[in-house]
$ cat query.tsv   # TSV, C-alpha atoms
chain	number	residue	atom	x	y	z
A	1	MET	CA	10.10	69.03	58.51
A	2	GLU	CA	10.18	66.81	61.57
A	3	PHE	CA	12.89	64.78	63.26
A	4	ARG	CA	12.26	61.04	63.01
A	5	PRO	CA	14.34	59.05	65.52
A	6	CYS	CA	16.03	55.75	64.70
A	7	ILE	CA	17.21	52.58	66.39
A	8	ASP	CA	19.52	50.49	64.19
A	9	ILE	CA	20.27	47.03	65.55
A	10	HIS	CA	23.13	44.79	64.41
A	11	ASN	CA	24.40	41.60	66.04
A	12	GLY	CA	22.01	42.19	68.95
A	13	LYS	CA	23.35	45.69	69.72
A	14	VAL	CA	22.11	49.22	69.03
A	15	LYS	CA	24.67	50.65	66.61
A	16	GLN	CA	25.47	53.29	64.08
A	17	ILE	CA	27.35	51.92	61.10
A	18	VAL	CA	28.69	53.09	57.75
A	19	GLY	CA	25.83	51.96	55.53
A	20	GLY	CA	27.88	50.88	52.54
A	21	SER	CA	30.14	48.71	54.71
A	22	LEU	CA	27.48	46.20	55.77
A	23	LEU	CA	28.22	42.61	54.77
A	24	ASP	CA	26.14	39.52	55.50
A	25	GLU	CA	29.23	37.35	55.28
A	26	GLY	CA	30.63	37.28	58.79
A	27	ASN	CA	27.92	39.72	59.96
A	28	ARG	CA	30.40	42.55	59.45
A	29	ALA	CA	30.07	46.33	59.31
A	30	LYS	CA	32.25	49.37	59.95
A	31	GLU	CA	30.97	50.67	63.27
A	32	ASN	CA	30.72	54.33	64.24
A	33	PHE	CA	29.07	53.66	67.59
A	34	VAL	CA	27.96	50.71	69.72
A	35	ALA	CA	25.57	51.55	72.56
A	36	GLU	CA	26.00	50.22	76.05
A	37	GLN	CA	22.25	50.60	76.57
A	38	ASP	CA	19.61	48.33	75.06
A	39	ALA	CA	17.01	49.33	72.48
A	40	ALA	CA	14.35	49.92	75.16
A	41	PHE	CA	16.49	52.73	76.61
A	42	PHE	CA	16.35	54.67	73.34
A	43	ALA	CA	12.66	53.89	72.82
A	44	LYS	CA	11.85	55.35	76.26
A	45	LEU	CA	13.96	58.42	75.48
A	46	TYR	CA	11.98	59.06	72.29
A	47	ARG	CA	8.68	58.32	74.03
A	48	GLU	CA	9.43	60.95	76.70
A	49	GLN	CA	9.71	63.56	73.94
A	50	GLY	CA	6.56	62.33	72.19
A	51	LEU	CA	8.52	61.56	69.00
A	52	LYS	CA	6.57	59.31	66.62
A	53	GLY	CA	7.18	57.79	63.23
A	54	GLY	CA	10.77	56.80	63.91
A	55	HIS	CA	12.18	53.57	62.60
A	56	ILE	CA	13.76	50.42	63.97
A	57	ILE	CA	15.96	48.62	61.47
A	58	LEU	CA	17.12	45.02	61.95
A	59	LEU	CA	20.47	44.85	60.16
A	60	ASN	CA	20.94	41.08	60.32
A	61	PRO	CA	19.19	38.85	57.79
A	62	VAL	CA	16.77	36.14	58.81
A	63	GLY	CA	18.95	33.06	59.20
A	64	SER	CA	21.91	34.95	60.63
A	65	GLU	CA	23.22	33.60	63.93
A	66	TYR	CA	22.51	37.05	65.37
A	67	TYR	CA	19.00	37.53	63.94
A	68	GLU	CA	17.10	36.33	67.03
A	69	ALA	CA	19.18	38.56	69.34
A	70	THR	CA	18.60	41.51	67.02
A	71	LYS	CA	14.87	40.79	66.83
A	72	ALA	CA	14.70	40.49	70.64
A	73	GLN	CA	16.15	44.00	70.96
A	74	ALA	CA	13.57	45.29	68.48
A	75	GLU	CA	10.79	43.70	70.53
A	76	LEU	CA	12.07	45.44	73.67
A	77	ALA	CA	11.83	48.80	71.89
A	78	LEU	CA	8.32	48.08	70.61
A	79	GLN	CA	7.19	47.08	74.09
A	80	ALA	CA	8.69	50.25	75.57
A	81	TYR	CA	6.91	52.50	73.05
A	82	PRO	CA	3.88	50.79	71.46
A	83	GLY	CA	2.74	52.59	68.32
A	84	GLY	CA	5.81	54.83	68.31
A	85	PHE	CA	7.91	53.03	65.72
A	86	GLN	CA	7.96	51.67	62.23
A	87	ILE	CA	10.08	48.53	61.81
A	88	GLY	CA	12.08	47.13	58.90
A	89	GLY	CA	14.56	44.40	58.09
A	90	GLY	CA	13.54	41.03	56.69
A	91	ILE	CA	9.84	41.93	56.50
A	92	THR	CA	7.64	39.69	54.34
A	93	ALA	CA	3.90	39.16	53.91
A	94	GLU	CA	4.26	36.17	56.23
A	95	ASN	CA	5.79	37.98	59.22
A	96	ALA	CA	4.59	41.57	58.75
A	97	LYS	CA	1.41	41.31	60.80
A	98	GLY	CA	3.36	39.79	63.68
A	99	PHE	CA	5.43	42.96	63.98
A	100	LEU	CA	2.29	45.11	63.95
A	101	ASP	CA	0.87	42.91	66.71
A	102	LEU	CA	4.06	43.54	68.72
A	103	GLY	CA	3.39	47.27	68.60
A	104	ALA	CA	4.85	48.64	65.36
A	105	SER	CA	2.75	51.29	63.62
A	106	HIS	CA	4.08	50.34	60.17
A	107	VAL	CA	6.33	47.78	58.56
A	108	ILE	CA	9.17	49.00	56.33
A	109	VAL	CA	9.97	46.89	53.28
A	110	THR	CA	12.63	46.84	50.58
A	111	SER	CA	14.04	43.46	49.58
A	112	TYR	CA	10.72	41.56	49.59
A	113	VAL	CA	9.26	44.05	47.10
A	114	PHE	CA	12.38	44.83	45.04
A	115	LYS	CA	13.28	41.22	44.46
A	116	ASP	CA	15.77	39.86	41.93
A	117	GLY	CA	16.62	43.38	40.82
A	118	ARG	CA	13.13	44.55	39.92
A	119	ILE	CA	9.72	45.41	41.40
A	120	ASN	CA	7.85	42.25	42.39
A	121	TYR	CA	4.24	43.43	42.13
A	122	GLU	CA	2.89	40.11	43.37
A	123	ASN	CA	4.75	40.53	46.66
A	124	LEU	CA	3.87	44.22	46.87
A	125	LYS	CA	0.16	43.55	46.46
A	126	LYS	CA	0.31	40.65	48.91
A	127	LEU	CA	1.86	42.94	51.52
A	128	GLU	CA	-0.70	45.65	50.91
A	129	GLN	CA	-3.51	43.14	51.33
A	130	THR	CA	-1.94	41.66	54.48
A	131	VAL	CA	-1.26	44.83	56.48
A	132	GLY	CA	-3.10	47.55	54.55
A	133	LYS	CA	-1.62	50.50	52.69
A	134	GLU	CA	-1.91	52.59	55.87
A	135	HIS	CA	0.63	50.35	57.66
A	136	LEU	CA	3.18	50.01	54.85
A	137	VAL	CA	6.34	52.06	54.34
A	138	LEU	CA	8.48	51.40	51.28
A	139	ASP	CA	12.20	51.86	51.83
A	140	LEU	CA	13.64	53.26	48.61
A	141	SER	CA	17.21	53.43	49.88
A	142	CYS	CA	19.51	54.15	46.97
A	143	ARG	CA	23.07	54.36	45.72
A	144	LYS	CA	24.53	56.27	42.79
A	145	GLN	CA	25.60	54.46	39.63
A	146	LYS	CA	26.96	56.75	36.91
A	147	ASP	CA	24.51	59.68	36.88
A	148	ASP	CA	21.46	57.99	38.40
A	149	TYR	CA	20.35	56.70	41.80
A	150	TYR	CA	19.10	53.12	41.99
A	151	ILE	CA	17.20	51.36	44.76
A	152	VAL	CA	19.42	48.87	46.61
A	153	THR	CA	18.31	45.80	48.55
A	154	ASP	CA	19.58	43.10	50.93
A	155	ARG	CA	20.96	45.51	53.51
A	156	TRP	CA	22.06	47.90	50.73
A	157	GLN	CA	24.38	45.36	49.07
A	158	LYS	CA	22.54	44.66	45.80
A	159	PHE	CA	21.55	47.10	43.05
A	160	THR	CA	18.15	46.85	41.39
A	161	ASN	CA	17.22	48.21	37.97
A	162	VAL	CA	14.75	50.66	39.58
A	163	LYS	CA	15.80	54.31	39.42
A	164	ILE	CA	14.64	56.93	41.91
A	165	THR	CA	12.53	59.22	39.73
A	166	THR	CA	9.27	61.10	40.12
A	167	ASP	CA	7.61	58.42	37.97
A	168	THR	CA	8.82	55.72	40.40
A	169	LEU	CA	7.57	57.73	43.37
A	170	ASP	CA	4.20	58.26	41.68
A	171	MET	CA	3.78	54.62	40.73
A	172	LEU	CA	4.62	53.13	44.13
A	173	SER	CA	2.66	55.70	46.15
A	174	ASP	CA	-0.57	53.82	45.38
A	175	TYR	CA	0.60	50.96	47.59
A	176	CYS	CA	2.06	52.59	50.71
A	177	ASP	CA	1.60	55.25	53.37
A	178	GLU	CA	5.14	56.70	53.44
A	179	TYR	CA	8.62	56.42	51.97
A	180	LEU	CA	11.90	56.03	53.85
A	181	ILE	CA	14.99	56.83	51.81
A	182	HIS	CA	18.55	56.23	52.99
A	183	ALA	CA	21.17	57.86	50.77
A	184	VAL	CA	23.46	54.88	51.27
A	185	ASP	CA	26.65	56.32	49.80
A	186	VAL	CA	26.74	58.92	52.59
A	187	GLU	CA	24.94	56.88	55.27
A	188	GLY	CA	26.94	56.85	58.49
A	189	LYS	CA	29.66	59.13	57.11
A	190	ALA	CA	28.38	62.46	58.45
A	191	SER	CA	29.70	63.97	55.23
A	192	GLY	CA	26.71	66.02	54.06
A	193	ILE	CA	23.42	65.21	52.37
A	194	GLU	CA	22.79	63.90	48.85
A	195	MET	CA	21.42	67.16	47.47
A	196	HIS	CA	20.04	65.63	44.26
A	197	ILE	CA	17.90	63.21	46.26
A	198	ALA	CA	16.73	65.95	48.64
A	199	LYS	CA	15.66	68.19	45.75
A	200	LEU	CA	13.89	65.36	43.94
A	201	LEU	CA	11.90	64.47	47.06
A	202	GLY	CA	11.09	68.09	47.85
A	203	ASP	CA	9.89	68.79	44.31
A	204	TRP	CA	7.69	65.68	44.39
A	205	GLY	CA	6.15	66.14	47.86
A	206	ARG	CA	2.99	64.08	47.43
A	207	MET	CA	3.17	62.10	50.69
A	208	PRO	CA	5.33	61.75	53.82
A	209	VAL	CA	9.00	60.99	53.15
A	210	THR	CA	11.83	60.55	55.63
A	211	TYR	CA	15.39	61.21	54.45
A	212	ALA	CA	18.43	59.63	56.11
A	213	GLY	CA	22.10	59.87	55.23
A	214	GLY	CA	25.03	62.19	55.75
A	215	ILE	CA	23.45	64.83	58.00
A	216	ALA	CA	26.34	66.21	60.05
A	217	SER	CA	25.41	69.79	60.95
A	218	PHE	CA	22.60	72.29	61.20
A	219	ASP	CA	23.85	73.70	57.87
A	220	ASP	CA	22.96	70.33	56.36
A	221	LEU	CA	19.50	70.59	57.91
A	222	ASP	CA	19.12	74.08	56.46
A	223	LYS	CA	20.03	72.73	53.01
A	224	LEU	CA	17.56	69.88	53.44
A	225	ARG	CA	14.85	72.35	54.44
A	226	VAL	CA	15.44	74.51	51.36
A	227	LEU	CA	15.89	71.69	48.83
A	228	GLY	CA	13.07	69.68	50.37
A	229	LYS	CA	10.76	72.70	50.62
A	230	SER	CA	10.16	71.83	54.31
A	231	ARG	CA	8.28	68.72	53.12
A	232	ILE	CA	10.88	66.08	54.04
A	233	ASP	CA	11.28	64.63	57.52
A	234	PHE	CA	14.77	63.62	58.58
A	235	THR	CA	16.76	61.10	60.57
A	236	ILE	CA	20.17	61.71	62.15
A	237	GLY	CA	22.28	58.78	63.27
A	238	SER	CA	26.05	58.91	63.70
A	239	ALA	CA	26.21	62.71	64.06
A	240	LEU	CA	23.81	62.75	67.03
A	241	ASP	CA	25.40	63.03	70.49
A	242	ILE	CA	23.34	60.13	71.90
A	243	PHE	CA	25.15	58.00	69.30
A	244	GLY	CA	28.59	59.46	69.93
A	245	GLY	CA	28.34	62.41	67.54
A	246	HIS	CA	28.58	66.17	68.00
A	247	MET	CA	25.03	67.36	67.19
A	248	LYS	CA	23.11	67.78	70.44
A	249	TYR	CA	19.89	65.77	70.61
A	250	GLN	CA	18.05	68.57	72.41
A	251	ASP	CA	19.15	71.13	69.79
A	252	VAL	CA	17.87	68.86	67.02
A	253	LEU	CA	14.51	68.64	68.79
A	254	GLN	CA	14.43	72.45	68.94
A	255	TYR	CA	15.17	72.65	65.21
A	256	SER	CA	12.44	70.18	64.33
A	257	ASP	CA	8.94	71.44	63.43
A	258	GLN	CA	7.29	69.01	65.89
$ encode --input "query.tsv" --output "structure tokens"
Amino acid sequence: MEFRPCIDIHNGKVKQIVGGSLLDEGNRAKENFVAEQDAAFFAKLYREQGLKGGHIILLNPVGSEYYEATKAQAELALQAYPGGFQIGGGITAENAKGFLDLGASHVIVTSYVFKDGRINYENLKKLEQTVGKEHLVLDLSCRKQKDDYYIVTDRWQKFTNVKITTDTLDMLSDYCDEYLIHAVDVEGKASGIEMHIAKLLGDWGRMPVTYAGGIASFDDLDKLRVLGKSRIDFTIGSALDIFGGHMKYQDVLQYSDQ
């Protein structure tokens, strides 16, 4: 159970936001924290600790007036720590290799694969052929609808018809190296983890998975360890002191199994 660092970039700034508040219209989001430092600063911080497998997420869509500024920040982070990060946000078969060439270890993909509300196997296979399974992370970020959790796309704004189940995890594992799962309903709220998701992932446990969303205390990490059977890696955003929160970065590193 290792700590996976993150750098979320929105409107050209490193930020922590409330996940469910993100809107493409007007490039808006409810902000918990906006960094004064650039993305390279955080990349160097993580590099100094030897932390690998973290993720950079571009939170502006391609075509947004802020996309190029957001991408430029991502490139600074990749240059500061080559091979240290996975990258996601607007990834397609056409641009994926370019991000690997810039220094990303993996590309993280949601909307290109879960297109028009369902799994687009043509796009999934094209991606796998372009970058290789070993460089592909599928982001299965999800939100609750009635009693089930469904994968959401387009910066967590659109529901698909794909439920998070062990069958889904089994089926998609043939195409990728890891999963990243944001529990979007609690993302950025520091309100506790989605225990159902944590248990599901821990019970499955067939390949690396990183959980993000709601972690606000070491009690939450203890719950994640138990429910996830120490198999799930974790990301902390808004609750971390380097992003304005109260959980000390150095204490989190001590907790981690790295």
$ closest_residue --input "query.tsv" --among "A:Ala77, A:Leu253, A:Val113, A:Ile9" --to "Val34 of chain A" --atoms "all atoms listed in the file"
A:Ile9
$ atom_distance --input "query.tsv" --atom1 "atom CA of Asp148 of chain A" --atom2 "atom CA of Asn161 of chain A"
10.7 Å
$ atom_distance --input "query.tsv" --atom1 "atom CA of Ile7 of chain A" --atom2 "atom CA of Phe218 of chain A"
21.1 Å
$ closest_residue --input "query.tsv" --among "A:Val107, A:Leu100, A:Leu227, A:Ile56" --to "Ile197 of chain A" --atoms "all atoms listed in the file"
A:Leu227
$ residues_around --input "query.tsv" --residues "segment 80-97 of chain A" --least-positions-apart "6" --cutoff "8 Å" --atoms "only C-alpha atoms" --output "ChimeraX atom specification"
/A:40,43-44,47,51-62,103-109,111-112,123,126-127,130-131,155
$ write_last_selection --input "query.tsv" --atoms "C-alpha atoms" --output "PDB file, in the frame of the given file"
ATOM      1  CA  ALA A  40      14.350  49.920  75.160  1.00  0.00           C
ATOM      2  CA  ALA A  43      12.660  53.890  72.820  1.00  0.00           C
ATOM      3  CA  LYS A  44      11.850  55.350  76.260  1.00  0.00           C
ATOM      4  CA  ARG A  47       8.680  58.320  74.030  1.00  0.00           C
ATOM      5  CA  LEU A  51       8.520  61.560  69.000  1.00  0.00           C
ATOM      6  CA  LYS A  52       6.570  59.310  66.620  1.00  0.00           C
ATOM      7  CA  GLY A  53       7.180  57.790  63.230  1.00  0.00           C
ATOM      8  CA  GLY A  54      10.770  56.800  63.910  1.00  0.00           C
ATOM      9  CA  HIS A  55      12.180  53.570  62.600  1.00  0.00           C
ATOM     10  CA  ILE A  56      13.760  50.420  63.970  1.00  0.00           C
ATOM     11  CA  ILE A  57      15.960  48.620  61.470  1.00  0.00           C
ATOM     12  CA  LEU A  58      17.120  45.020  61.950  1.00  0.00           C
ATOM     13  CA  LEU A  59      20.470  44.850  60.160  1.00  0.00           C
ATOM     14  CA  ASN A  60      20.940  41.080  60.320  1.00  0.00           C
ATOM     15  CA  PRO A  61      19.190  38.850  57.790  1.00  0.00           C
ATOM     16  CA  VAL A  62      16.770  36.140  58.810  1.00  0.00           C
ATOM     17  CA  GLY A 103       3.390  47.270  68.600  1.00  0.00           C
ATOM     18  CA  ALA A 104       4.850  48.640  65.360  1.00  0.00           C
ATOM     19  CA  SER A 105       2.750  51.290  63.620  1.00  0.00           C
ATOM     20  CA  HIS A 106       4.080  50.340  60.170  1.00  0.00           C
ATOM     21  CA  VAL A 107       6.330  47.780  58.560  1.00  0.00           C
ATOM     22  CA  ILE A 108       9.170  49.000  56.330  1.00  0.00           C
ATOM     23  CA  VAL A 109       9.970  46.890  53.280  1.00  0.00           C
ATOM     24  CA  SER A 111      14.040  43.460  49.580  1.00  0.00           C
ATOM     25  CA  TYR A 112      10.720  41.560  49.590  1.00  0.00           C
ATOM     26  CA  ASN A 123       4.750  40.530  46.660  1.00  0.00           C
ATOM     27  CA  LYS A 126       0.310  40.650  48.910  1.00  0.00           C
ATOM     28  CA  LEU A 127       1.860  42.940  51.520  1.00  0.00           C
ATOM     29  CA  THR A 130      -1.940  41.660  54.480  1.00  0.00           C
ATOM     30  CA  VAL A 131      -1.260  44.830  56.480  1.00  0.00           C
ATOM     31  CA  ARG A 155      20.960  45.510  53.510  1.00  0.00           C
TER      32      ARG A 155
END
$ build_atoms --input "query.tsv" --residues "segment 48-59 of chain A" --atoms "all heavy atoms" --output "PDB file, in the frame of the given file"
ATOM      1  N   GLU A  48       9.499  59.803  75.775  1.00  0.00           N
ATOM      2  CA  GLU A  48       9.430  60.950  76.700  1.00  0.00           C
ATOM      3  C   GLU A  48       9.259  62.271  75.946  1.00  0.00           C
ATOM      4  O   GLU A  48       8.632  63.203  76.455  1.00  0.00           O
ATOM      5  CB  GLU A  48      10.684  61.006  77.560  1.00  0.00           C
ATOM      6  CG  GLU A  48      10.745  59.922  78.626  1.00  0.00           C
ATOM      7  CD  GLU A  48      12.118  59.805  79.274  1.00  0.00           C
ATOM      8  OE1 GLU A  48      13.006  60.632  78.937  1.00  0.00           O
ATOM      9  OE2 GLU A  48      12.320  58.886  80.091  1.00  0.00           O
ATOM     10  N   GLN A  49       9.818  62.342  74.748  1.00  0.00           N
ATOM     11  CA  GLN A  49       9.710  63.560  73.940  1.00  0.00           C
ATOM     12  C   GLN A  49       8.487  63.537  73.011  1.00  0.00           C
ATOM     13  O   GLN A  49       8.254  64.486  72.268  1.00  0.00           O
ATOM     14  CB  GLN A  49      10.980  63.749  73.089  1.00  0.00           C
ATOM     15  CG  GLN A  49      12.259  63.885  73.897  1.00  0.00           C
ATOM     16  CD  GLN A  49      12.326  65.185  74.673  1.00  0.00           C
ATOM     17  OE1 GLN A  49      11.630  66.137  74.356  1.00  0.00           O
ATOM     18  NE2 GLN A  49      13.159  65.223  75.707  1.00  0.00           N
ATOM     19  N   GLY A  50       7.739  62.445  73.044  1.00  0.00           N
ATOM     20  CA  GLY A  50       6.560  62.330  72.190  1.00  0.00           C
ATOM     21  C   GLY A  50       6.890  62.198  70.712  1.00  0.00           C
ATOM     22  O   GLY A  50       6.076  62.540  69.845  1.00  0.00           O
ATOM     23  N   LEU A  51       8.099  61.697  70.399  1.00  0.00           N
ATOM     24  CA  LEU A  51       8.520  61.560  69.000  1.00  0.00           C
ATOM     25  C   LEU A  51       7.889  60.301  68.402  1.00  0.00           C
ATOM     26  O   LEU A  51       8.047  59.205  68.941  1.00  0.00           O
ATOM     27  CB  LEU A  51      10.040  61.451  68.911  1.00  0.00           C
ATOM     28  CG  LEU A  51      10.821  62.654  69.435  1.00  0.00           C
ATOM     29  CD1 LEU A  51      12.306  62.344  69.459  1.00  0.00           C
ATOM     30  CD2 LEU A  51      10.543  63.886  68.590  1.00  0.00           C
ATOM     31  N   LYS A  52       7.204  60.456  67.288  1.00  0.00           N
ATOM     32  CA  LYS A  52       6.570  59.310  66.620  1.00  0.00           C
ATOM     33  C   LYS A  52       7.079  59.166  65.203  1.00  0.00           C
ATOM     34  O   LYS A  52       7.667  60.086  64.642  1.00  0.00           O
ATOM     35  CB  LYS A  52       5.045  59.476  66.627  1.00  0.00           C
ATOM     36  CG  LYS A  52       4.417  59.266  67.994  1.00  0.00           C
ATOM     37  CD  LYS A  52       2.937  58.949  67.854  1.00  0.00           C
ATOM     38  CE  LYS A  52       2.390  58.437  69.174  1.00  0.00           C
ATOM     39  NZ  LYS A  52       0.998  57.987  69.048  1.00  0.00           N
ATOM     40  N   GLY A  53       6.824  58.004  64.623  1.00  0.00           N
ATOM     41  CA  GLY A  53       7.180  57.790  63.230  1.00  0.00           C
ATOM     42  C   GLY A  53       8.651  57.504  63.000  1.00  0.00           C
ATOM     43  O   GLY A  53       9.124  57.531  61.862  1.00  0.00           O
ATOM     44  N   GLY A  54       9.391  57.213  64.075  1.00  0.00           N
ATOM     45  CA  GLY A  54      10.770  56.800  63.910  1.00  0.00           C
ATOM     46  C   GLY A  54      10.854  55.364  63.426  1.00  0.00           C
ATOM     47  O   GLY A  54       9.834  54.683  63.302  1.00  0.00           O
ATOM     48  N   HIS A  55      12.067  54.918  63.135  1.00  0.00           N
ATOM     49  CA  HIS A  55      12.180  53.570  62.600  1.00  0.00           C
ATOM     50  C   HIS A  55      13.210  52.725  63.347  1.00  0.00           C
ATOM     51  O   HIS A  55      14.233  53.221  63.800  1.00  0.00           O
ATOM     52  CB  HIS A  55      12.492  53.575  61.094  1.00  0.00           C
ATOM     53  CG  HIS A  55      13.692  54.364  60.696  1.00  0.00           C
ATOM     54  ND1 HIS A  55      13.652  55.704  60.414  1.00  0.00           N
ATOM     55  CD2 HIS A  55      14.988  53.992  60.530  1.00  0.00           C
ATOM     56  CE1 HIS A  55      14.857  56.125  60.087  1.00  0.00           C
ATOM     57  NE2 HIS A  55      15.697  55.115  60.150  1.00  0.00           N
ATOM     58  N   ILE A  56      12.862  51.455  63.469  1.00  0.00           N
ATOM     59  CA  ILE A  56      13.760  50.420  63.970  1.00  0.00           C
ATOM     60  C   ILE A  56      14.169  49.593  62.769  1.00  0.00           C
ATOM     61  O   ILE A  56      13.319  49.114  62.019  1.00  0.00           O
ATOM     62  CB  ILE A  56      13.046  49.517  64.998  1.00  0.00           C
ATOM     63  CG1 ILE A  56      12.569  50.319  66.208  1.00  0.00           C
ATOM     64  CG2 ILE A  56      13.965  48.379  65.430  1.00  0.00           C
ATOM     65  CD1 ILE A  56      11.630  49.541  67.119  1.00  0.00           C
ATOM     66  N   ILE A  57      15.477  49.419  62.588  1.00  0.00           N
ATOM     67  CA  ILE A  57      15.960  48.620  61.470  1.00  0.00           C
ATOM     68  C   ILE A  57      16.782  47.442  61.988  1.00  0.00           C
ATOM     69  O   ILE A  57      17.759  47.631  62.721  1.00  0.00           O
ATOM     70  CB  ILE A  57      16.824  49.453  60.490  1.00  0.00           C
ATOM     71  CG1 ILE A  57      16.028  50.647  59.950  1.00  0.00           C
ATOM     72  CG2 ILE A  57      17.315  48.575  59.333  1.00  0.00           C
ATOM     73  CD1 ILE A  57      14.845  50.299  59.079  1.00  0.00           C
ATOM     74  N   LEU A  58      16.374  46.237  61.622  1.00  0.00           N
ATOM     75  CA  LEU A  58      17.120  45.020  61.950  1.00  0.00           C
ATOM     76  C   LEU A  58      18.141  44.801  60.835  1.00  0.00           C
ATOM     77  O   LEU A  58      17.770  44.563  59.679  1.00  0.00           O
ATOM     78  CB  LEU A  58      16.179  43.820  62.037  1.00  0.00           C
ATOM     79  CG  LEU A  58      15.252  43.721  63.253  1.00  0.00           C
ATOM     80  CD1 LEU A  58      14.146  44.781  63.206  1.00  0.00           C
ATOM     81  CD2 LEU A  58      14.609  42.338  63.314  1.00  0.00           C
ATOM     82  N   LEU A  59      19.419  44.884  61.169  1.00  0.00           N
ATOM     83  CA  LEU A  59      20.470  44.850  60.160  1.00  0.00           C
ATOM     84  C   LEU A  59      21.082  43.466  59.940  1.00  0.00           C
ATOM     85  O   LEU A  59      22.037  43.329  59.176  1.00  0.00           O
ATOM     86  CB  LEU A  59      21.570  45.854  60.522  1.00  0.00           C
ATOM     87  CG  LEU A  59      21.142  47.325  60.436  1.00  0.00           C
ATOM     88  CD1 LEU A  59      22.216  48.247  60.988  1.00  0.00           C
ATOM     89  CD2 LEU A  59      20.811  47.706  58.992  1.00  0.00           C
TER      90      LEU A  59
END
